[in-house]
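Engineer: Contents of work.tsv (TSV, C-alpha atoms):
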```
chain	number	residue	atom	x	y	z
B	1	MET	CA	-8.47	-6.56	31.59
B	2	ASN	CA	-5.67	-8.35	29.75
B	3	GLU	CA	-2.06	-7.47	30.45
B	4	PRO	CA	-0.62	-5.45	27.55
B	5	ALA	CA	1.35	-7.44	24.99
B	6	PRO	CA	5.07	-6.63	24.60
B	7	MET	CA	5.66	-3.75	22.17
B	8	ASN	CA	8.59	-2.36	20.20
B	9	ALA	CA	8.32	0.95	18.38
B	10	TRP	CA	10.36	2.95	15.87
B	11	LEU	CA	9.11	6.51	16.08
B	12	ILE	CA	9.98	9.93	14.72
B	13	GLU	CA	7.75	11.63	17.31
B	14	PRO	CA	5.83	10.57	20.44
B	15	PHE	CA	2.34	9.09	20.10
B	16	ASP	CA	-0.47	11.61	20.31
B	17	SER	CA	-3.24	10.77	22.79
B	18	LEU	CA	-5.60	9.14	20.27
B	19	VAL	CA	-2.89	6.95	18.73
B	20	ALA	CA	-1.63	6.00	22.21
B	21	ALA	CA	-5.13	4.94	23.26
B	22	ALA	CA	-5.64	2.88	20.09
B	23	ILE	CA	-2.26	1.17	20.52
B	24	ASP	CA	-2.96	0.39	24.19
B	25	ARG	CA	-6.36	-1.12	23.30
B	26	LEU	CA	-4.70	-3.29	20.67
B	27	ARG	CA	-2.00	-4.47	23.07
B	28	ARG	CA	-4.73	-5.66	25.46
B	29	ALA	CA	-6.86	-7.40	22.83
B	30	ASP	CA	-7.42	-11.15	23.12
B	31	ASP	CA	-4.60	-13.39	21.88
B	32	VAL	CA	-2.28	-10.51	20.85
B	33	GLN	CA	1.20	-11.85	21.62
B	34	ARG	CA	3.43	-9.07	20.30
B	35	ILE	CA	3.10	-5.71	18.62
B	36	ALA	CA	5.48	-3.57	16.57
B	37	VAL	CA	4.81	0.06	15.67
B	38	MET	CA	6.34	1.59	12.57
B	39	PRO	CA	7.59	5.21	12.26
B	40	ASP	CA	4.79	6.09	9.81
B	41	VAL	CA	2.08	5.19	12.35
B	42	HIS	CA	-1.09	7.28	12.23
B	43	LEU	CA	-4.68	7.09	13.35
B	44	ALA	CA	-7.22	5.04	11.42
B	45	LYS	CA	-10.54	3.41	12.19
B	46	ASP	CA	-10.23	0.74	14.93
B	47	ILE	CA	-6.53	-0.03	14.41
B	48	CYS	CA	-3.78	2.43	13.46
B	49	VAL	CA	-2.00	2.30	10.14
B	50	GLY	CA	1.64	1.38	10.71
B	51	THR	CA	1.04	-1.42	13.23
B	52	VAL	CA	2.04	-5.08	13.23
B	53	ILE	CA	0.49	-7.61	15.59
B	54	ALA	CA	1.13	-11.31	16.08
B	55	THR	CA	-1.53	-13.70	17.37
B	56	ARG	CA	-1.73	-17.47	17.79
B	57	ARG	CA	-5.30	-18.21	16.68
B	58	LEU	CA	-7.37	-15.03	16.30
B	59	LEU	CA	-7.64	-13.13	13.04
B	60	TYR	CA	-8.40	-9.41	13.24
B	61	PRO	CA	-9.76	-8.08	9.91
B	62	GLY	CA	-9.30	-4.53	11.21
B	63	ALA	CA	-5.57	-5.21	11.64
B	64	VAL	CA	-5.38	-5.77	7.87
B	65	GLY	CA	-7.87	-3.15	6.73
B	66	GLY	CA	-10.22	-3.03	3.78
B	67	ASP	CA	-7.67	-2.51	1.00
B	68	ILE	CA	-6.28	-6.02	1.40
B	69	GLY	CA	-3.03	-6.54	-0.48
B	70	CYS	CA	-2.50	-2.84	-1.13
B	71	GLY	CA	1.13	-2.45	-2.06
B	72	MET	CA	3.86	-1.35	-4.43
B	73	LEU	CA	5.39	-2.30	-7.74
B	74	ALA	CA	8.57	-0.92	-9.33
B	75	MET	CA	9.73	-1.50	-12.92
B	76	ALA	CA	12.93	-0.23	-14.58
B	77	PHE	CA	13.31	1.00	-18.15
B	78	ASP	CA	16.30	1.20	-20.50
B	79	ALA	CA	16.01	4.96	-20.86
B	80	PRO	CA	17.34	8.10	-19.20
B	81	ALA	CA	14.84	9.77	-16.91
B	82	ASP	CA	15.50	13.18	-18.44
B	83	ILE	CA	13.70	12.04	-21.58
B	84	LEU	CA	10.67	13.51	-19.77
B	85	ALA	CA	12.26	16.94	-19.28
B	86	ASP	CA	10.40	18.27	-22.31
B	87	PRO	CA	7.02	19.69	-21.17
B	88	ALA	CA	5.15	18.73	-24.35
B	89	ARG	CA	6.39	15.14	-24.17
B	90	ALA	CA	5.62	14.85	-20.46
B	91	GLY	CA	2.14	16.33	-20.92
B	92	LYS	CA	1.35	13.98	-23.78
B	93	LEU	CA	2.49	10.98	-21.75
B	94	LEU	CA	0.52	12.02	-18.65
B	95	ALA	CA	-2.64	12.36	-20.74
B	96	ALA	CA	-2.01	8.95	-22.33
B	97	ILE	CA	-1.56	7.28	-18.92
B	98	GLN	CA	-4.79	8.83	-17.64
B	99	GLN	CA	-6.55	7.51	-20.74
B	100	ALA	CA	-5.06	4.01	-20.44
B	101	ILE	CA	-5.54	3.57	-16.65
B	102	PRO	CA	-9.01	4.50	-15.33
B	103	SER	CA	-9.32	5.41	-11.70
B	104	LEU	CA	-12.65	3.67	-11.02
B	105	ARG	CA	-13.58	0.96	-13.52
B	106	ARG	CA	-12.99	-0.12	-17.07
B	107	HIS	CA	-15.53	-0.29	-19.89
B	108	ARG	CA	-17.01	-3.77	-20.14
B	109	ARG	CA	-15.54	-4.14	-23.61
B	110	ARG	CA	-12.05	-3.18	-22.44
B	111	THR	CA	-11.56	-5.41	-19.38
B	112	PHE	CA	-8.47	-7.53	-18.83
B	113	PRO	CA	-8.76	-11.29	-18.26
B	114	TYR	CA	-8.13	-12.61	-14.78
B	115	PRO	CA	-4.82	-14.49	-14.46
B	116	ASP	CA	-5.27	-18.18	-13.70
B	117	GLY	CA	-4.39	-17.93	-10.00
B	118	VAL	CA	-7.16	-15.38	-9.51
B	119	ARG	CA	-9.84	-16.64	-11.89
B	120	GLN	CA	-9.74	-20.30	-10.83
B	121	SER	CA	-9.72	-19.77	-7.06
B	122	PRO	CA	-13.28	-19.61	-5.69
B	123	LEU	CA	-14.24	-17.21	-2.93
B	124	SER	CA	-16.08	-18.45	0.15
B	125	HIS	CA	-19.57	-17.10	-0.59
B	126	PRO	CA	-21.72	-16.75	-3.73
B	127	ALA	CA	-22.15	-13.02	-3.03
B	128	LEU	CA	-18.37	-12.54	-3.15
B	129	GLU	CA	-18.15	-14.63	-6.31
B	130	ALA	CA	-20.76	-12.39	-7.92
B	131	ILE	CA	-18.73	-9.26	-7.06
B	132	LYS	CA	-15.59	-10.98	-8.40
B	133	LEU	CA	-17.26	-11.66	-11.76
B	134	ASP	CA	-18.75	-8.17	-12.05
B	135	GLU	CA	-17.10	-5.26	-10.22
B	136	GLY	CA	-13.86	-7.17	-9.65
B	137	SER	CA	-13.49	-7.76	-13.37
B	138	LEU	CA	-14.29	-4.14	-14.22
B	139	GLN	CA	-11.74	-2.83	-11.69
B	140	LEU	CA	-8.80	-5.06	-12.64
B	141	GLY	CA	-6.21	-2.68	-14.08
B	142	THR	CA	-7.56	0.46	-12.38
B	143	LEU	CA	-5.80	2.77	-9.96
B	144	GLY	CA	-8.35	3.81	-7.33
B	145	GLY	CA	-8.38	7.07	-5.41
B	146	GLY	CA	-7.00	8.35	-2.12
B	147	ASN	CA	-3.25	7.92	-1.80
B	148	HIS	CA	-2.92	5.55	-4.75
B	149	PHE	CA	-0.73	6.78	-7.58
B	150	ILE	CA	1.37	6.02	-10.63
B	151	GLU	CA	4.75	7.72	-10.73
B	152	LEU	CA	7.65	7.91	-13.17
B	153	GLN	CA	10.93	8.49	-11.37
B	154	SER	CA	14.65	8.97	-11.74
B	155	ASP	CA	17.23	7.03	-9.73
B	156	GLU	CA	20.71	8.30	-8.84
B	157	ASP	CA	22.01	7.15	-12.25
B	158	ASN	CA	19.26	8.97	-14.18
B	159	ARG	CA	17.53	5.69	-15.06
B	160	LEU	CA	13.77	5.86	-15.60
B	161	TRP	CA	11.60	3.86	-13.19
B	162	LEU	CA	7.88	3.24	-12.87
B	163	MET	CA	6.29	2.98	-9.42
B	164	ILE	CA	2.67	1.99	-8.76
B	165	HIS	CA	0.77	2.12	-5.47
B	166	SER	CA	-2.64	0.43	-5.58
B	167	GLY	CA	-4.57	-2.42	-4.02
B	168	SER	CA	-7.52	-4.79	-4.25
B	169	ARG	CA	-10.08	-2.09	-5.04
B	170	ALA	CA	-13.71	-3.07	-4.29
B	171	MET	CA	-12.81	-6.72	-3.75
B	172	GLY	CA	-10.83	-6.14	-0.57
B	173	GLN	CA	-13.57	-3.95	0.87
B	174	ALA	CA	-16.23	-6.55	0.07
B	175	ILE	CA	-14.19	-9.37	1.61
B	176	ARG	CA	-13.57	-7.39	4.78
B	177	ALA	CA	-17.24	-6.39	5.11
B	178	HIS	CA	-18.47	-9.96	4.54
B	179	HIS	CA	-16.19	-11.50	7.15
B	180	SER	CA	-16.50	-8.67	9.68
B	181	ALA	CA	-20.24	-9.36	9.76
B	182	ARG	CA	-19.42	-12.90	10.97
B	183	ALA	CA	-16.82	-11.87	13.55
B	184	ARG	CA	-17.20	-11.40	17.30
B	185	LEU	CA	-16.40	-8.35	19.37
B	186	VAL	CA	-13.29	-8.42	21.56
B	187	ALA	CA	-11.58	-5.67	23.55
B	188	GLY	CA	-14.74	-3.60	23.47
B	189	LYS	CA	-14.82	-2.76	19.74
B	190	LEU	CA	-12.38	-4.95	17.80
B	191	LEU	CA	-13.75	-7.75	15.60
B	192	ALA	CA	-12.04	-11.14	15.53
B	193	LEU	CA	-12.37	-14.52	13.84
B	194	ASP	CA	-10.91	-17.82	15.10
B	195	LEU	CA	-8.62	-19.74	12.75
B	196	GLY	CA	-9.91	-22.92	14.38
B	197	ASP	CA	-13.39	-22.22	12.99
B	198	ILE	CA	-14.60	-22.29	9.41
B	199	THR	CA	-15.20	-18.53	9.60
B	200	GLY	CA	-11.52	-17.85	10.28
B	201	GLN	CA	-10.34	-20.30	7.65
B	202	GLU	CA	-12.61	-18.76	5.02
B	203	TYR	CA	-11.42	-15.25	5.87
B	204	LEU	CA	-7.78	-16.32	5.54
B	205	ALA	CA	-8.45	-17.95	2.15
B	206	ASP	CA	-10.39	-14.94	0.82
B	207	MET	CA	-7.78	-12.53	2.17
B	208	ASN	CA	-5.06	-14.42	0.31
B	209	TRP	CA	-7.17	-14.28	-2.85
B	210	ALA	CA	-7.43	-10.49	-2.45
B	211	ARG	CA	-3.64	-10.26	-2.15
B	212	ARG	CA	-3.27	-12.11	-5.45
B	213	TYR	CA	-5.91	-9.88	-7.04
B	214	ALA	CA	-4.12	-6.73	-5.83
B	215	ASP	CA	-0.80	-7.99	-7.22
B	216	ALA	CA	-2.49	-8.80	-10.55
B	217	ASN	CA	-4.03	-5.32	-10.57
B	218	ARG	CA	-0.64	-3.63	-10.20
B	219	GLN	CA	1.01	-5.89	-12.77
B	220	THR	CA	-1.80	-5.30	-15.27
B	221	MET	CA	-1.32	-1.53	-14.97
B	222	ALA	CA	2.48	-1.83	-15.16
B	223	HIS	CA	2.40	-3.86	-18.37
B	224	ALA	CA	-0.12	-1.46	-19.92
B	225	ILE	CA	2.15	1.50	-19.13
B	226	ALA	CA	5.20	-0.37	-20.43
B	227	GLU	CA	3.38	-0.90	-23.75
B	228	LEU	CA	2.41	2.76	-23.76
B	229	LEU	CA	6.00	3.91	-23.26
B	230	GLU	CA	7.19	1.59	-26.00
B	231	ASP	CA	4.54	2.77	-28.45
B	232	THR	CA	4.80	6.52	-27.76
B	233	LEU	CA	8.48	7.06	-26.86
B	234	ALA	CA	10.23	3.85	-28.03
B	235	ILE	CA	11.22	3.20	-24.41
B	236	HIS	CA	11.69	-0.46	-23.50
B	237	ARG	CA	11.43	-2.20	-20.16
B	238	ALA	CA	14.81	-3.19	-18.70
B	239	PRO	CA	15.49	-6.94	-18.31
B	240	THR	CA	15.46	-6.74	-14.52
B	241	PRO	CA	12.95	-8.30	-12.12
B	242	LEU	CA	10.00	-6.34	-10.85
B	243	ILE	CA	10.16	-5.20	-7.25
B	244	ALA	CA	6.82	-6.05	-5.64
B	245	CYS	CA	5.48	-5.98	-2.10
B	246	ASP	CA	2.26	-5.40	-0.22
B	247	HIS	CA	1.55	-3.86	3.15
B	248	ASN	CA	-2.01	-4.88	4.22
B	249	HIS	CA	-2.19	-8.59	5.00
B	250	VAL	CA	-2.01	-11.40	7.54
B	251	ALA	CA	0.40	-14.29	7.07
B	252	ILE	CA	1.32	-17.44	8.98
B	253	GLU	CA	4.98	-17.02	9.90
B	254	GLN	CA	7.55	-18.59	12.20
B	255	HIS	CA	8.97	-16.29	14.87
B	256	GLY	CA	10.96	-17.41	17.90
B	257	GLY	CA	10.05	-21.04	17.27
B	258	GLN	CA	6.33	-20.24	17.21
B	259	SER	CA	3.82	-20.29	14.38
B	260	LEU	CA	2.11	-16.90	14.51
B	261	LEU	CA	-0.54	-15.01	12.56
B	262	VAL	CA	1.26	-11.79	11.69
B	263	HIS	CA	-1.08	-8.94	10.79
B	264	ARG	CA	0.39	-5.95	8.98
B	265	LYS	CA	-1.70	-2.83	8.42
B	266	GLY	CA	0.36	-0.24	6.58
B	267	ALA	CA	3.57	-2.21	7.20
B	268	MET	CA	5.82	-4.10	4.80
B	269	TRP	CA	7.22	-7.61	5.25
B	270	ALA	CA	10.99	-7.12	5.56
B	271	PRO	CA	12.85	-10.37	6.26
B	272	ALA	CA	16.58	-10.41	5.59
B	273	GLY	CA	17.32	-9.98	1.88
B	274	MET	CA	13.74	-9.26	0.79
B	275	THR	CA	13.46	-6.27	-1.57
B	276	GLY	CA	10.63	-3.78	-1.27
B	277	VAL	CA	9.50	-0.23	-1.93
B	278	VAL	CA	8.96	2.54	0.62
B	279	PRO	CA	7.25	5.43	-1.18
B	280	GLY	CA	7.22	9.02	-0.15
B	281	SER	CA	4.21	11.22	-0.60
B	282	MET	CA	3.34	12.76	-3.95
B	283	GLY	CA	6.32	14.86	-5.00
B	284	THR	CA	8.91	13.55	-2.51
B	285	LEU	CA	11.65	10.92	-2.55
B	286	SER	CA	10.94	7.19	-2.52
B	287	TYR	CA	13.21	4.24	-1.77
B	288	HIS	CA	13.94	0.71	-2.93
B	289	VAL	CA	15.03	-1.22	0.13
B	290	GLU	CA	16.22	-4.60	1.37
B	291	GLY	CA	14.94	-6.05	4.63
B	292	ARG	CA	17.34	-6.64	7.50
B	293	GLY	CA	15.11	-9.24	9.22
B	294	CYS	CA	14.82	-7.44	12.54
B	295	PRO	CA	13.10	-9.86	14.98
B	296	GLN	CA	11.92	-7.05	17.28
B	297	SER	CA	9.91	-5.57	14.39
B	298	ILE	CA	8.45	-9.02	13.55
B	299	ASN	CA	10.37	-8.74	10.25
B	300	SER	CA	8.50	-5.57	9.28
B	301	SER	CA	9.13	-2.07	7.98
B	302	ALA	CA	7.23	1.17	7.44
B	303	HIS	CA	5.17	1.22	4.25
B	304	GLY	CA	5.63	4.90	3.41
B	305	ALA	CA	5.65	8.38	4.84
B	306	GLY	CA	2.41	8.15	6.85
B	307	ARG	CA	-0.13	10.92	7.17
B	308	ALA	CA	0.71	13.97	9.29
B	309	LEU	CA	-2.63	15.70	8.61
B	310	SER	CA	-6.08	14.22	8.22
B	311	ARG	CA	-7.65	14.71	4.82
B	312	GLN	CA	-10.01	17.31	6.24
B	313	ALA	CA	-7.16	19.20	7.92
B	314	ALA	CA	-5.10	19.10	4.72
B	315	ARG	CA	-7.95	20.54	2.66
B	316	SER	CA	-8.40	23.39	5.12
B	317	GLN	CA	-4.70	24.17	5.68
B	318	ILE	CA	-2.97	23.58	2.33
B	319	THR	CA	-3.61	26.19	-0.35
B	320	LEU	CA	-3.35	25.71	-4.10
B	321	ARG	CA	-0.31	27.98	-4.08
B	322	ALA	CA	1.35	25.84	-1.40
B	323	LEU	CA	0.61	22.67	-3.38
B	324	GLY	CA	2.19	24.23	-6.45
B	325	ARG	CA	5.35	25.14	-4.51
B	326	GLN	CA	5.62	21.65	-3.02
B	327	MET	CA	5.19	20.00	-6.42
B	328	GLU	CA	7.73	22.20	-8.22
B	329	GLY	CA	9.70	20.17	-10.74
B	330	VAL	CA	7.13	17.33	-10.91
B	331	TRP	CA	4.67	17.00	-13.79
B	332	PHE	CA	1.06	16.49	-12.66
B	333	ASP	CA	-2.43	17.46	-13.82
B	334	TYR	CA	-2.91	20.88	-12.27
B	335	ARG	CA	-6.61	20.79	-13.16
B	336	LYS	CA	-6.95	18.30	-10.29
B	337	ALA	CA	-5.11	20.53	-7.82
B	338	PRO	CA	-8.17	21.42	-5.67
B	339	SER	CA	-8.80	17.74	-4.89
B	340	LEU	CA	-5.08	16.90	-4.60
B	341	ARG	CA	-4.41	19.23	-1.66
B	342	GLU	CA	-5.15	16.38	0.75
B	343	GLU	CA	-2.31	14.42	-0.93
B	344	ALA	CA	0.20	17.28	-0.88
B	345	PRO	CA	3.69	16.44	0.47
B	346	SER	CA	3.07	18.53	3.61
B	347	ALA	CA	0.03	16.36	4.44
B	348	TYR	CA	2.50	13.54	5.12
B	349	LYS	CA	5.42	12.94	7.43
B	350	ASP	CA	8.96	13.47	6.16
B	351	VAL	CA	9.86	10.16	4.54
B	352	ARG	CA	13.56	10.88	5.16
B	353	ALA	CA	12.86	10.97	8.89
B	354	VAL	CA	10.92	7.70	8.57
B	355	MET	CA	13.91	6.06	6.90
B	356	ARG	CA	16.31	7.36	9.55
B	357	ALA	CA	14.06	6.02	12.31
B	358	GLN	CA	14.03	2.53	10.80
B	359	HIS	CA	17.64	2.20	9.69
B	360	ASP	CA	17.87	-1.11	11.58
B	361	LEU	CA	14.81	-2.52	9.76
B	362	VAL	CA	15.80	-1.98	6.10
B	363	LYS	CA	18.84	-1.05	4.02
B	364	ILE	CA	18.36	1.56	1.28
B	365	LEU	CA	19.28	0.18	-2.15
B	366	ARG	CA	18.15	3.06	-4.32
B	367	THR	CA	16.75	6.58	-3.88
B	368	LEU	CA	14.24	7.82	-6.43
B	369	ARG	CA	13.10	11.32	-7.35
B	370	PRO	CA	9.61	11.86	-8.85
B	371	ILE	CA	9.31	13.26	-12.37
B	372	LEU	CA	5.66	12.66	-13.29
B	373	VAL	CA	2.70	11.74	-11.06
B	374	TYR	CA	-0.77	10.48	-11.96
B	375	LYS	CA	-3.32	10.52	-9.16
B	376	ALA	CA	-7.05	10.13	-9.61
```
How would this structure read if it were set down as structure tokens?

Structural biologist:
Amino acid sequence: MNEPAPMNAWLIEPFDSLVAAAIDRLRRADDVQRIAVMPDVHLAKDICVGTVIATRRLLYPGAVGGDIGCGMLAMAFDAPADILADPARAGKLLAAIQQAIPSLRRHRRRTFPYPDGVRQSPLSHPALEAIKLDEGSLQLGTLGGGNHFIELQSDEDNRLWLMIHSGSRAMGQAIRAHHSARARLVAGKLLALDLGDITGQEYLADMNWARRYADANRQTMAHAIAELLEDTLAIHRAPTPLIACDHNHVAIEQHGGQSLLVHRKGAMWAPAGMTGVVPGSMGTLSYHVEGRGCPQSINSSAHGAGRALSRQAARSQITLRALGRQMEGVWFDYRKAPSLREEAPSAYKDVRAVMRAQHDLVKILRTLRPILVYKA
């Protein structure tokens, strides 16, 4: 058995037994040189969310996950956030967002064109190209389910902000499935590809394509919502740059004089000076941050609050009344409340505790309070 790779961790509570076992297995996997564990770590299939690993040659699709390029986007508007204090106005806007941004797929007559960097880059296999031209096209500009959301927020100065959390939709899942079928088993149950082989090189290229697709997906939704706000409320986007980041990827980076393959699964790239977004759960605070470039964390940060309860446990433990209390002061579609219990704030860790645990990884630039939330 391999010696465990060096590990650094930023935790708000000790590992439970299942997370500890998964982390230990990952530390002993072939070619894993270093590992960093974020304070939002929680159990997931094969490899925990909230982990960062560095390798020299092996690529672990499970250390990226299926929603490749899943991440965040933040956009500011030249409007006070309390413009949405009126219930009728907020309700009308929420309905309009739900109409403009489907959760699953768009009508074939209402698709958005691929941007050049996505359309012109071929994927490694005809089957993936076929999905790109069909389902990928239909899902560009859609939100997805689970913990993905669109949120309108207020910062400390009462400025209105948009925040979007979404990813590569069916494309990331298809790319992971295709390349996992070509991978070999290591450490008992983990699948790996070698960057020295064509299989590893094709995975890396397709994974980078999925990151670009996920970024285009978020930007497409953001621009559609900006147009909606302008048309319905005469609210204009502020002339400030978007804040954009993703938290499911692998990248070739230099660390300690070495070229390493850094895998982040539910972890944000946070080199010194890099801006990013750390969201809370539905109905809680979120943060705009700047990376501190901590070498022990492999220049990484938590990607959010992290689940405290499994979806099944949340459905069984969180009542509709409890969800209503936790969402007090935030506009959302209460008709969806039965299915939103698994996304209730109490299903997640306290994002304030996460931020305290990683104060040496990122600096908080802005704290945001949710006003309106759209979840599928």

Engineer: Would you please work out which residue, of B:Ile53, B:Ala63, B:Leu261, B:Ile243, is nearest to Ser180 (chain B) when using all atoms listed in the file?

Structural biologist: B:Ala63

Engineer: Measuring between all atoms listed in the file, which one of B:Gly188, B:Gly50, B:Gly196, B:Pro14 shows the shortest distance to Gly304 (chain B)?

Structural biologist: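 Selected residue with least distance to Gly304 (chain B): B:Gly50.
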
Engineer: Quick one: pull the distance between CA of His107 (chain B) and CA of Asp134 (chain B), Å, one decimal.

Structural biologist: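 According to the coordinates, CA of His107 (chain B) and CA of Asp134 (chain B) are separated by 11.6 Å.
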
Engineer: Report as a count of residues only all protein, DNA and RNA residues lying within 10 Å of His178 (chain B), evaluated on all atoms listed in the file, omitting residues in the same chain fewer than 5 positions from it.

Structural biologist: 8

Engineer: Expressed in Å to a single decimal, how great is the separation between CA of Gly273 (chain B) and CA of Ser154 (chain B)?

Structural biologist: 23.5 Å

Engineer: With a distance cut-off of 12 Å and all atoms listed in the file, select the neighbouring residues of Ser310 (chain B), excluding the residue or stretch itself and same-chain residues fewer than 2 positions from it, and output the selection as a PyMOL selection string.

Structural biologist: chain B and resi 42-44+146+306-308+312-318+341-344+346-349

Engineer: In Å, with one decimal, what is the gap from CA of Lys92 (chain B) to CA of Ile371 (chain B)?

Structural biologist: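 It comes out at 13.9 Å.
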
Engineer: For Ala251 (chain B), which residue among B:Trp161, B:Trp10, B:Tyr60, B:Phe15 is the nearest when counting all atoms listed in the file?

Structural biologist: B:Tyr60

Engineer: Which residue out of B:Ala90, B:Leu138, B:Ala238, B:Leu195 has the minimum interatomic distance to Arg106 (chain B) when only C-alpha atoms are used?

Structural biologist: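 Answer, going by the shortest atom-to-atom distance: B:Leu138.
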
Engineer: Counting only C-alpha atoms, what is within 10 Å of region 130-133 of chain B, bar same-chain residues fewer than 3 positions away, as a tab-separated table (two decimals) with C-alpha atoms, in the coordinates of the input?

Structural biologist:
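Output contents, as saved in out18.tsv:
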```tsv
chain	number	residue	atom	x	y	z
B	114	TYR	CA	-8.13	-12.61	-14.78
B	118	VAL	CA	-7.16	-15.38	-9.51
B	119	ARG	CA	-9.84	-16.64	-11.89
B	122	PRO	CA	-13.28	-19.61	-5.69
B	123	LEU	CA	-14.24	-17.21	-2.93
B	125	HIS	CA	-19.57	-17.10	-0.59
B	126	PRO	CA	-21.72	-16.75	-3.73
B	127	ALA	CA	-22.15	-13.02	-3.03
B	136	GLY	CA	-13.86	-7.17	-9.65
B	137	SER	CA	-13.49	-7.76	-13.37
B	138	LEU	CA	-14.29	-4.14	-14.22
B	139	GLN	CA	-11.74	-2.83	-11.69
B	140	LEU	CA	-8.80	-5.06	-12.64
B	170	ALA	CA	-13.71	-3.07	-4.29
B	171	MET	CA	-12.81	-6.72	-3.75
B	174	ALA	CA	-16.23	-6.55	0.07
B	175	ILE	CA	-14.19	-9.37	1.61
B	213	TYR	CA	-5.91	-9.88	-7.04
```
